>>> print(open('work-v3.cif').read())   # mmCIF, C-alpha atoms and all ligand atoms
data_input
#
loop_
_atom_site.group_PDB
_atom_site.id
_atom_site.type_symbol
_atom_site.label_atom_id
_atom_site.label_comp_id
_atom_site.auth_asym_id
_atom_site.auth_seq_id
_atom_site.Cartn_x
_atom_site.Cartn_y
_atom_site.Cartn_z
ATOM 1 C CA MET R 1 -306.920 83.226 -65.038
ATOM 2 C CA LEU R 2 -304.913 83.414 -68.258
ATOM 3 C CA ILE R 3 -301.470 81.820 -68.475
ATOM 4 C CA ASN R 4 -299.245 83.382 -71.080
ATOM 5 C CA LEU R 5 -297.500 80.694 -73.119
ATOM 6 C CA THR R 6 -295.263 82.884 -75.273
ATOM 7 C CA ASP R 7 -292.267 81.500 -73.402
ATOM 8 C CA VAL R 8 -293.426 77.883 -73.846
ATOM 9 C CA PHE R 9 -293.957 78.346 -77.587
ATOM 10 C CA SER R 10 -290.582 80.102 -77.990
ATOM 11 C CA SER R 11 -288.457 76.987 -78.522
ATOM 12 C CA GLU R 12 -288.908 73.315 -79.255
ATOM 13 C CA GLY R 13 -288.304 71.063 -76.260
ATOM 14 C CA LYS R 14 -288.998 73.867 -73.794
ATOM 15 C CA VAL R 15 -290.637 72.637 -70.571
ATOM 16 C CA VAL R 16 -292.327 75.022 -68.178
ATOM 17 C CA GLN R 17 -293.706 73.877 -64.869
ATOM 18 C CA MET R 18 -295.832 76.020 -62.583
ATOM 19 C CA GLN R 19 -298.413 76.211 -59.823
ATOM 20 C CA VAL R 20 -301.356 78.512 -60.317
ATOM 21 C CA ASP R 21 -304.229 79.359 -58.052
ATOM 22 C CA LEU R 22 -307.701 78.617 -59.266
ATOM 23 C CA GLU R 23 -309.741 81.821 -59.077
ATOM 24 C CA MET R 24 -313.237 80.344 -59.181
ATOM 25 C CA VAL R 25 -315.058 80.104 -55.856
ATOM 26 C CA THR R 26 -318.351 78.777 -57.170
ATOM 27 C CA TYR R 27 -319.372 76.552 -60.030
ATOM 28 C CA GLU R 28 -322.580 76.688 -61.989
ATOM 29 C CA ASN R 29 -324.123 73.565 -63.453
ATOM 30 C CA GLN R 30 -327.602 73.546 -64.969
ATOM 31 C CA HIS R 31 -328.538 76.841 -63.298
ATOM 32 C CA VAL R 32 -327.489 75.686 -59.832
ATOM 33 C CA THR R 33 -324.550 77.427 -58.165
ATOM 34 C CA TYR R 34 -322.294 75.214 -56.065
ATOM 35 C CA THR R 35 -319.764 76.493 -53.550
ATOM 36 C CA ILE R 36 -316.141 75.433 -53.807
ATOM 37 C CA THR R 37 -315.013 75.066 -50.205
ATOM 38 C CA ASP R 38 -311.443 73.951 -50.735
ATOM 39 C CA LYS R 39 -308.938 73.705 -53.576
ATOM 40 C CA THR R 40 -305.289 72.960 -54.197
ATOM 41 C CA PRO R 41 -303.237 75.114 -56.574
ATOM 42 C CA ILE R 42 -303.299 73.756 -60.114
ATOM 43 C CA SER R 43 -299.961 72.149 -60.862
ATOM 44 C CA VAL R 44 -299.304 72.224 -64.545
ATOM 45 C CA THR R 45 -296.510 71.351 -66.970
ATOM 46 C CA PHE R 46 -296.240 72.598 -70.548
ATOM 47 C CA SER R 47 -293.865 70.914 -73.002
ATOM 48 C CA ASN R 48 -293.198 72.360 -76.416
ATOM 49 C CA THR R 49 -293.501 69.431 -78.838
ATOM 50 C CA GLY R 50 -292.483 71.395 -81.930
ATOM 51 C CA ASN R 51 -294.341 72.950 -84.866
ATOM 52 C CA GLY R 52 -296.086 75.446 -82.631
ATOM 53 C CA LYS R 53 -297.636 72.777 -80.463
ATOM 54 C CA ALA R 54 -297.400 72.132 -76.748
ATOM 55 C CA HIS R 55 -298.494 69.270 -74.546
ATOM 56 C CA MET R 56 -300.086 70.236 -71.263
ATOM 57 C CA GLU R 57 -300.463 68.069 -68.192
ATOM 58 C CA GLY R 58 -302.103 69.225 -65.015
ATOM 59 C CA HIS R 59 -303.644 68.264 -61.719
ATOM 60 C CA VAL R 60 -305.941 69.953 -59.218
ATOM 61 C CA LYS R 61 -308.163 68.833 -56.369
ATOM 62 C CA LEU R 62 -311.214 70.763 -55.344
ATOM 63 C CA THR R 63 -314.021 70.235 -52.891
ATOM 64 C CA MET R 64 -317.561 71.269 -53.631
ATOM 65 C CA ILE R 65 -320.838 71.099 -51.777
ATOM 66 C CA LEU R 66 -323.351 69.141 -53.837
ATOM 67 C CA SER R 67 -326.758 67.967 -52.679
ATOM 68 C CA CYS R 68 -328.142 64.478 -52.219
ATOM 69 C CA ASP R 69 -330.357 63.406 -55.125
ATOM 70 C CA ARG R 70 -332.834 61.846 -52.702
ATOM 71 C CA CYS R 71 -332.999 64.075 -49.610
ATOM 72 C CA LEU R 72 -331.265 67.272 -50.835
ATOM 73 C CA LYS R 73 -328.912 67.312 -47.850
ATOM 74 C CA ASP R 74 -325.410 68.763 -48.427
ATOM 75 C CA VAL R 75 -322.886 66.236 -49.712
ATOM 76 C CA ILE R 76 -319.200 67.113 -49.757
ATOM 77 C CA HIS R 77 -317.650 65.926 -52.996
ATOM 78 C CA GLU R 78 -313.988 65.993 -53.921
ATOM 79 C CA PHE R 79 -313.006 66.352 -57.556
ATOM 80 C CA ASP R 80 -309.558 64.918 -58.193
ATOM 81 C CA LEU R 81 -308.804 66.151 -61.682
ATOM 82 C CA SER R 82 -305.891 65.081 -63.848
ATOM 83 C CA PHE R 83 -305.967 66.385 -67.370
ATOM 84 C CA THR R 84 -303.936 66.623 -70.545
ATOM 85 C CA GLU R 85 -304.457 68.886 -73.503
ATOM 86 C CA GLU R 86 -302.686 69.481 -76.804
ATOM 87 C CA LEU R 87 -302.271 73.207 -77.324
ATOM 88 C CA VAL R 88 -301.438 75.108 -80.465
ATOM 89 C CA SER R 89 -299.873 78.497 -80.893
ATOM 90 C CA PRO R 90 -302.061 81.038 -82.734
ATOM 91 C CA GLU R 91 -299.409 81.178 -85.469
ATOM 92 C CA VAL R 92 -300.195 77.668 -86.651
ATOM 93 C CA SER R 93 -303.763 77.228 -85.437
ATOM 94 C CA ASP R 94 -305.211 78.626 -88.695
ATOM 95 C CA ASP R 95 -303.601 75.886 -90.790
ATOM 96 C CA LEU R 96 -304.846 73.054 -88.616
ATOM 97 C CA SER R 97 -307.329 70.456 -89.629
ATOM 98 C CA GLU R 98 -310.660 70.014 -87.870
ATOM 99 C CA ASP R 99 -309.440 67.233 -85.579
ATOM 100 C CA MET R 100 -307.080 69.605 -83.793
ATOM 101 C CA GLU R 101 -309.864 71.991 -82.847
ATOM 102 C CA ASP R 102 -310.050 70.721 -79.287
ATOM 103 C CA GLY R 103 -306.705 72.198 -78.379
ATOM 104 C CA ARG R 104 -307.861 75.617 -79.500
ATOM 105 C CA ASP R 105 -310.924 75.769 -77.269
ATOM 106 C CA PHE R 106 -309.133 77.293 -74.305
ATOM 107 C CA MET R 107 -306.587 79.430 -76.118
ATOM 108 C CA GLU R 108 -306.894 83.200 -76.204
ATOM 109 C CA GLY R 109 -304.045 84.413 -78.366
ATOM 110 C CA TYR R 110 -300.840 83.140 -76.747
ATOM 111 C CA SER R 111 -302.570 82.479 -73.436
ATOM 112 C CA ILE R 112 -304.574 79.591 -72.130
ATOM 113 C CA ASN R 113 -307.703 80.221 -70.104
ATOM 114 C CA ILE R 114 -307.110 77.710 -67.327
ATOM 115 C CA GLU R 115 -310.390 78.509 -65.539
ATOM 116 C CA ASP R 116 -312.366 77.518 -68.639
ATOM 117 C CA LEU R 117 -310.354 74.334 -68.966
ATOM 118 C CA ILE R 118 -310.957 73.368 -65.317
ATOM 119 C CA SER R 119 -314.670 74.197 -65.634
ATOM 120 C CA ASN R 120 -314.831 71.795 -68.535
ATOM 121 C CA GLU R 121 -312.994 69.100 -66.531
ATOM 122 C CA ILE R 122 -315.439 69.497 -63.637
ATOM 123 C CA LEU R 123 -318.354 69.000 -66.012
ATOM 124 C CA ILE R 124 -316.791 65.883 -67.556
ATOM 125 C CA ASN R 125 -316.162 64.457 -64.071
ATOM 126 C CA TRP R 126 -319.517 65.407 -62.579
ATOM 127 C CA PRO R 127 -320.865 62.427 -60.566
ATOM 128 C CA THR R 128 -323.839 60.716 -62.184
ATOM 129 C CA LYS R 129 -325.381 60.081 -58.789
ATOM 130 C CA VAL R 130 -324.948 62.137 -55.614
ATOM 131 C CA LEU R 131 -326.069 60.422 -52.417
ATOM 132 C CA CYS R 132 -325.481 61.363 -48.763
ATOM 133 C CA SER R 133 -325.493 57.619 -48.101
ATOM 134 C CA GLU R 134 -326.202 54.494 -50.157
ATOM 135 C CA VAL R 135 -329.137 53.787 -47.861
ATOM 136 C CA CYS R 136 -330.609 57.290 -47.930
ATOM 137 C CA LYS R 137 -334.390 56.954 -47.662
ATOM 138 C CA GLY R 138 -335.093 60.319 -49.270
ATOM 139 C CA ILE R 139 -337.970 62.600 -48.417
ATOM 140 C CA CYS R 140 -341.672 61.808 -48.195
ATOM 141 C CA LYS R 141 -343.387 62.718 -51.464
ATOM 142 C CA GLN R 142 -346.468 63.812 -49.552
ATOM 143 C CA CYS R 143 -345.244 65.872 -46.588
ATOM 144 C CA GLY R 144 -341.581 66.484 -47.457
ATOM 145 C CA LYS R 145 -340.219 65.027 -44.221
ATOM 146 C CA ASP R 146 -336.689 63.617 -44.302
ATOM 147 C CA LEU R 147 -337.392 59.907 -43.893
ATOM 148 C CA ASN R 148 -333.865 59.294 -42.565
ATOM 149 C CA GLU R 149 -335.038 61.018 -39.393
ATOM 150 C CA GLY R 150 -338.012 58.709 -38.973
ATOM 151 C CA GLU R 151 -341.391 57.829 -40.400
ATOM 152 C CA CYS R 152 -343.796 60.687 -41.041
ATOM 153 C CA GLY R 153 -347.036 58.698 -40.741
ATOM 154 C CA CYS R 154 -348.303 59.613 -44.193
ATOM 155 C CA ASP R 155 -350.426 57.056 -45.960
ATOM 156 C CA THR R 156 -347.939 55.542 -48.401
ATOM 157 C CA PHE R 157 -350.090 52.432 -48.887
ATOM 158 C CA VAL R 158 -349.463 50.913 -52.302
ATOM 159 C CA PRO R 159 -352.633 49.196 -53.491
ATOM 160 C CA ASP R 160 -352.528 45.523 -54.372
ATOM 161 C CA PRO R 161 -352.120 45.350 -58.174
ATOM 162 C CA ARG R 162 -355.059 42.957 -58.369
ATOM 163 C CA MET R 163 -357.210 45.547 -56.649
ATOM 164 C CA ALA R 164 -356.031 48.124 -59.179
ATOM 165 C CA VAL R 165 -357.409 45.990 -62.011
ATOM 166 C CA ILE R 166 -360.811 45.795 -60.329
ATOM 167 C CA LYS R 167 -360.706 49.547 -59.821
ATOM 168 C CA ASP R 168 -359.968 50.051 -63.527
ATOM 169 C CA ILE R 169 -362.980 47.937 -64.488
ATOM 170 C CA PHE R 170 -365.080 49.887 -62.032
ATOM 171 C CA ASN R 171 -363.901 53.201 -63.475
ATOM 172 C CA ALA R 172 -364.444 51.979 -67.041
ATOM 173 C CA ASN R 173 -368.041 51.039 -66.201
ATOM 174 C CA LYS R 174 -368.593 54.404 -64.654
ATOM 175 C CA GLU R 175 -367.632 56.175 -67.858
ATOM 176 C CA VAL R 176 -370.314 54.371 -69.883
HETATM 177 ZN ZN ZN R 201 -329.758 61.761 -48.778
HETATM 178 ZN ZN ZN R 202 -344.965 62.195 -45.130
#
>>> encode(input="work-v3.cif", output="structure tokens", more="lines below")
Ligand SMILES: [Zn+2]
Ligand SMILES: [Zn+2]
Amino acid sequence: MLINLTDVFSSEGKVVQMQVDLEMVTYENQHVTYTITDKTPISVTFSNTGNGKAHMEGHVKLTMILSCDRCLKDVIHEFDLSFTEELVSPEVSDDLSEDMEDGRDFMEGYSINIEDLISNEILINWPTKVLCSEVCKGICKQCGKDLNEGECGCDTFVPDPRMAVIKDIFNANKEV
């Protein structure tokens, strides 16, 4: 979705407020496609701050189905995104120094690509850890059973470290 900002850039002090619907229904992160199950309209305010620049402030909430890092079960995650961005009109963007480049990332002529901006916000706010529960036991590495549903009976015996040393010596001797 492109929002045309010709009107916003037309005069200094101009403030334009609007609600726009987010078009994306899925989100791809590291080759995995996640489904967006719910989303609010994006509420956004543009304020012309002069010299071909505009300050943007926005908010959107969206719900996505992620999967538990331990057991892979679906985990419903809500992204509550508040963002600001400094935008520049294409008329002045050529004269800008390097440090203003950020504000140009989402501009296409006189329009801002709001979908790209939100995609970027989702990535920045991606949870570092996704768990269905803090106490999730995960899945058995041997048989793949969900250990939250009970023990699987696999031999998960961890050898006594002292025994491991003896075993190493034994193996070392065997190699000779
Ligand atoms: Zn889990
Ligand atoms: Zn098992």
>>> resolve_selection(input="work-v3.cif", expression="the PyMOL selection byres (((not hetatm)) within 9 of (chain R and resi 201))", output="list in words")
Ser67, Cys68, Asp69, Arg70, Cys71, Leu72, Lys73, Asp74, Val75, Val130, Leu131, Cys132, Ser133, Glu134, Val135, Cys136, Lys137, Gly138, Ile139, Asp146 and Asn148 of chain R
>>> residues_near_ligand(input="work-v3.cif", ligand="ligand ZN 202 (chain R)", cutoff="12 Å", atoms="only C-alpha atoms and all ligand atoms", output="PyMOL selection string")
chain R and resi 138-157
>>> atom_distance(input="work-v3.cif", atom1="atom CA of R:Gly50", atom2="atom CA of R:Asn4")
17.5 Å
>>> residues_around(input="work-v3.cif", residues="R:Ile3", least_positions_apart="4", cutoff="9 Å", atoms="all atoms listed in the file", output="list in words")
Val20, Tyr110, Ser111, Ile112, Asn113 and Ile114 of chain R
>>> atom_distance(input="work-v3.cif", atom1="atom CA of R:Thr33", atom2="atom CA of R:Asp21")
20.4 Å
>>> axis_aligned_box(input="work-v3.cif", around="stretch 17-29 of chain R", padding_each_side="5 Å", output="lines of an AutoDock Vina configuration file")
center_x = -308.9
center_y = 77.7
center_z = -60.4
size_x = 40.4
size_y = 18.3
size_z = 19.0
>>> closest_residue(input="work-v3.cif", among="R:Glu23, R:Lys61, R:Thr6, R:Asn29", to="R:Phe46", atoms="only C-alpha atoms")
R:Thr6
>>> atom_distance(input="work-v3.cif", atom1="atom CA of R:Phe83", atom2="atom CA of R:Ile118")
8.8 Å
>>> closest_residue(input="work-v3.cif", among="R:Gly58, R:Pro41, R:Pro127, R:Gly109", to="R:Phe9", atoms="all atoms listed in the file")
R:Gly109
>>> resolve_selection(input="work-v3.cif", expression="the PyMOL selection byres (((chain R and resi 55) around 7) and not hetatm)", output="PyMOL selection string")
chain R and resi 46-49+53-54+56-57+85-87
>>> write_last_selection(input="work-v3.cif", atoms="C-alpha atoms", output="PDB file, in the coordinates of the input")
ATOM      1  CA  PHE R  46    -296.240  72.598 -70.548  1.00  0.00           C
ATOM      2  CA  SER R  47    -293.865  70.914 -73.002  1.00  0.00           C
ATOM      3  CA  ASN R  48    -293.198  72.360 -76.416  1.00  0.00           C
ATOM      4  CA  THR R  49    -293.501  69.431 -78.838  1.00  0.00           C
ATOM      5  CA  LYS R  53    -297.636  72.777 -80.463  1.00  0.00           C
ATOM      6  CA  ALA R  54    -297.400  72.132 -76.748  1.00  0.00           C
ATOM      7  CA  MET R  56    -300.086  70.236 -71.263  1.00  0.00           C
ATOM      8  CA  GLU R  57    -300.463  68.069 -68.192  1.00  0.00           C
ATOM      9  CA  GLU R  85    -304.457  68.886 -73.503  1.00  0.00           C
ATOM     10  CA  GLU R  86    -302.686  69.481 -76.804  1.00  0.00           C
ATOM     11  CA  LEU R  87    -302.271  73.207 -77.324  1.00  0.00           C
TER      12      LEU R  87
END
>>> closest_residue(input="work-v3.cif", among="R:Tyr34, R:Gly52, R:Leu117, R:Val44", to="R:His77", atoms="all atoms listed in the file")
R:Tyr34
>>> resolve_selection(input="work-v3.cif", expression="the PyMOL selection byres (((chain R and resi 59) around 6) and not hetatm)", output="count of residues only")
6
>>> closest_residue(input="work-v3.cif", among="R:Asp7, R:Lys39, R:Val88, R:Thr63", to="R:Leu22", atoms="all atoms listed in the file")
R:Lys39
>>> closest_residue(input="work-v3.cif", among="R:Leu123, R:Val8, R:Asp105, R:Ile76", to="R:Thr45", atoms="only C-alpha atoms")
R:Val8
>>> closest_residue(input="work-v3.cif", among="R:Asp38, R:Phe106, R:Ser10, R:Glu115", to="R:Glu78", atoms="all atoms listed in the file")
R:Asp38
>>> decode(input="work-v3.cif", residues="stretch 11-86 of chain R", atoms="C-alpha atoms", output="CSV table (one decimal), in the first residue's frame")
chain,number,residue,atom,x,y,z
R,11,SER,CA,2.9,23.3,3.0
R,12,GLU,CA,4.9,23.7,6.1
R,13,GLY,CA,3.0,22.9,9.3
R,14,LYS,CA,0.5,20.7,7.4
R,15,VAL,CA,-0.7,17.8,9.5
R,16,VAL,CA,-2.5,14.9,8.0
R,17,GLN,CA,-4.0,12.1,10.0
R,18,MET,CA,-5.4,8.9,8.6
R,19,GLN,CA,-6.2,5.2,9.1
R,20,VAL,CA,-5.1,2.7,6.5
R,21,ASP,CA,-5.6,-1.0,6.2
R,22,LEU,CA,-2.6,-3.2,6.2
R,23,GLU,CA,-2.7,-5.4,3.1
R,24,MET,CA,-0.3,-8.1,4.1
R,25,VAL,CA,-1.9,-11.4,5.3
R,26,THR,CA,1.3,-13.3,5.8
R,27,TYR,CA,4.9,-12.4,6.8
R,28,GLU,CA,8.0,-14.1,5.7
R,29,ASN,CA,11.0,-14.3,8.0
R,30,GLN,CA,14.1,-16.5,7.2
R,31,HIS,CA,12.2,-18.5,4.6
R,32,VAL,CA,9.3,-19.3,7.0
R,33,THR,CA,5.8,-17.9,6.2
R,34,TYR,CA,3.7,-16.8,9.1
R,35,THR,CA,0.0,-16.2,9.0
R,36,ILE,CA,-1.3,-12.8,10.2
R,37,THR,CA,-4.6,-13.7,11.9
R,38,ASP,CA,-5.7,-10.3,13.1
R,39,LYS,CA,-4.7,-6.7,12.6
R,40,THR,CA,-5.9,-3.2,13.4
R,41,PRO,CA,-5.9,-0.5,10.8
R,42,ILE,CA,-2.6,1.5,10.9
R,43,SER,CA,-3.3,4.9,12.4
R,44,VAL,CA,-0.7,7.3,11.2
R,45,THR,CA,0.0,11.1,11.4
R,46,PHE,CA,2.2,13.0,9.1
R,47,SER,CA,3.4,16.5,10.0
R,48,ASN,CA,5.3,18.7,7.6
R,49,THR,CA,8.3,20.0,9.5
R,50,GLY,CA,9.5,22.3,6.7
R,51,ASN,CA,12.3,22.1,4.1
R,52,GLY,CA,10.6,19.2,2.4
R,53,LYS,CA,10.6,17.0,5.4
R,54,ALA,CA,7.8,15.4,7.3
R,55,HIS,CA,7.6,13.6,10.6
R,56,MET,CA,5.6,10.4,10.7
R,57,GLU,CA,4.1,8.7,13.7
R,58,GLY,CA,2.1,5.6,13.6
R,59,HIS,CA,0.6,2.6,15.4
R,60,VAL,CA,-0.7,-0.8,14.5
R,61,LYS,CA,-1.4,-4.1,16.3
R,62,LEU,CA,-1.2,-7.4,14.6
R,63,THR,CA,-1.4,-11.0,15.6
R,64,MET,CA,0.7,-13.7,14.1
R,65,ILE,CA,1.0,-17.4,14.6
R,66,LEU,CA,4.6,-18.3,15.5
R,67,SER,CA,5.9,-21.6,16.7
R,68,CYS,CA,7.4,-22.7,20.0
R,69,ASP,CA,11.2,-22.9,19.8
R,70,ARG,CA,11.1,-26.1,21.8
R,71,CYS,CA,8.0,-28.1,20.8
R,72,LEU,CA,7.0,-26.3,17.5
R,73,LYS,CA,3.4,-25.9,18.7
R,74,ASP,CA,1.6,-22.8,17.5
R,75,VAL,CA,2.1,-19.7,19.6
R,76,ILE,CA,-0.1,-16.7,19.1
R,77,HIS,CA,2.0,-13.5,19.3
R,78,GLU,CA,0.7,-10.0,19.3
R,79,PHE,CA,3.0,-7.3,17.8
R,80,ASP,CA,2.1,-3.9,19.2
R,81,LEU,CA,4.0,-1.5,17.0
R,82,SER,CA,4.5,2.2,17.5
R,83,PHE,CA,6.9,3.8,15.1
R,84,THR,CA,8.2,7.2,14.0
R,85,GLU,CA,10.1,8.0,10.8
R,86,GLU,CA,11.5,11.2,9.3
